[in-house]
Amino acid sequence: MQINHDFTIQKVGASYVAVPVGETSKTFHGMVRLNETGAFLWKLMAEKDCTEEELVDALLAEYDVSREVAANDVHRIVEQLKQNNIFI
């Protein structure tokens, strides 16, 4: 899974927002709000095509959480991004 490059992410206060730019802004009207974990995963998926397992491993390397919590977090954000057609 890789994030469509027609999105930019910005920190706003304690959260992050991803907004469409370029051609995508003509069809995607809104923004995606992310917490720190979501922004961490977003940035990884924006850099390269990642599997859910690679994202779980990255979370485990960055945060002190169990594999189960990391897997649930990754699955939840991936499903939300799929529903909004944010992957290339």
# chains A, B, ... in the order shown; residues from 1 in each chain; ligands from 1

$ select_by_dssp --residues "chain A" --states "alpha helix (DSSP H)" --output "MDAnalysis selection string"
chainID A and resid 36:47 52:62 67:83

$ write_last_selection --atoms "C-alpha atoms" --output "compact mmCIF listing (two decimals), in the first residue's frame"
# COMPACT_ATOMS: atom_id res chain seq x y z
CA GLU A 36 0.83 10.85 15.96
CA THR A 37 0.67 7.11 15.21
CA GLY A 38 -1.46 7.66 12.12
CA ALA A 39 0.95 10.32 10.87
CA PHE A 40 3.90 7.99 11.46
CA LEU A 41 2.23 5.27 9.37
CA TRP A 42 1.14 7.78 6.71
CA LYS A 43 4.71 9.01 6.26
CA LEU A 44 5.98 5.44 5.82
CA MET A 45 3.31 4.67 3.23
CA ALA A 46 4.01 7.95 1.43
CA GLU A 47 7.68 6.99 1.03
CA GLU A 52 0.54 -4.31 6.77
CA GLU A 53 3.19 -6.57 8.32
CA GLU A 54 5.96 -4.06 7.50
CA LEU A 55 3.88 -1.29 9.07
CA VAL A 56 3.33 -3.37 12.21
CA ASP A 57 7.08 -4.02 12.46
CA ALA A 58 7.77 -0.30 12.04
CA LEU A 59 5.33 0.55 14.83
CA LEU A 60 6.94 -2.02 17.11
CA ALA A 61 10.37 -0.51 16.44
CA GLU A 62 9.14 3.04 17.14
CA ARG A 67 2.16 -6.77 18.45
CA GLU A 68 -1.61 -7.13 18.89
CA VAL A 69 -2.11 -3.40 19.55
CA ALA A 70 0.19 -2.48 16.65
CA ALA A 71 -1.61 -4.85 14.28
CA ASN A 72 -5.02 -3.48 15.29
CA ASP A 73 -3.86 0.12 14.82
CA VAL A 74 -2.35 -0.62 11.42
CA HIS A 75 -5.41 -2.51 10.22
CA ARG A 76 -7.75 0.28 11.37
CA ILE A 77 -5.87 3.05 9.56
CA VAL A 78 -5.33 0.97 6.42
CA GLU A 79 -9.07 0.23 6.21
CA GLN A 80 -9.94 3.92 6.68
CA LEU A 81 -7.53 4.94 3.94
CA LYS A 82 -8.85 2.23 1.60
CA GLN A 83 -12.42 3.42 2.15

$ closest_residue --among "A:Phe87, A:Ser66, A:Cys50, A:Asn35" --to "His5 in chain A" --atoms "only C-alpha atoms"
A:Phe87

$ select_by_dssp --residues "chain A" --states "strand (DSSP E or B)" --output "mmCIF file with C-alpha atoms, in the first residue's frame"
data_model
loop_
_atom_site.group_PDB
_atom_site.id
_atom_site.type_symbol
_atom_site.label_atom_id
_atom_site.label_comp_id
_atom_site.auth_asym_id
_atom_site.auth_seq_id
_atom_site.Cartn_x
_atom_site.Cartn_y
_atom_site.Cartn_z
ATOM 1 C CA ILE A 3 -0.280 6.802 -0.319
ATOM 2 C CA PHE A 7 -1.791 14.486 -0.568
ATOM 3 C CA THR A 8 0.253 16.599 1.782
ATOM 4 C CA ILE A 9 0.396 16.182 5.550
ATOM 5 C CA GLN A 10 0.800 19.027 8.031
ATOM 6 C CA LYS A 11 0.987 19.218 11.804
ATOM 7 C CA VAL A 12 -1.780 21.332 13.288
ATOM 8 C CA SER A 15 -2.686 16.450 15.458
ATOM 9 C CA TYR A 16 -1.936 16.088 11.797
ATOM 10 C CA VAL A 17 -4.089 16.681 8.752
ATOM 11 C CA ALA A 18 -3.649 15.323 5.273
ATOM 12 C CA VAL A 19 -5.192 17.355 2.472
ATOM 13 C CA PRO A 20 -5.418 16.705 -1.246
ATOM 14 C CA VAL A 32 -7.911 13.300 6.907
ATOM 15 C CA ARG A 33 -7.187 13.904 10.584
ATOM 16 C CA LEU A 34 -4.436 11.780 12.097
ATOM 17 C CA PHE A 87 -3.836 4.562 -1.905
#

$ atom_distance --atom1 "CA of Thr24 in chain A" --atom2 "CA of Ile88 in chain A"
11.2 Å

$ closest_residue --among "A:Thr51, A:Asn4, A:Gly30, A:Glu23" --to "Ile86 in chain A" --atoms "only C-alpha atoms"
A:Asn4

$ atom_distance --atom1 "CA of Gln2 in chain A" --atom2 "CA of Asp49 in chain A"
4.5 Å
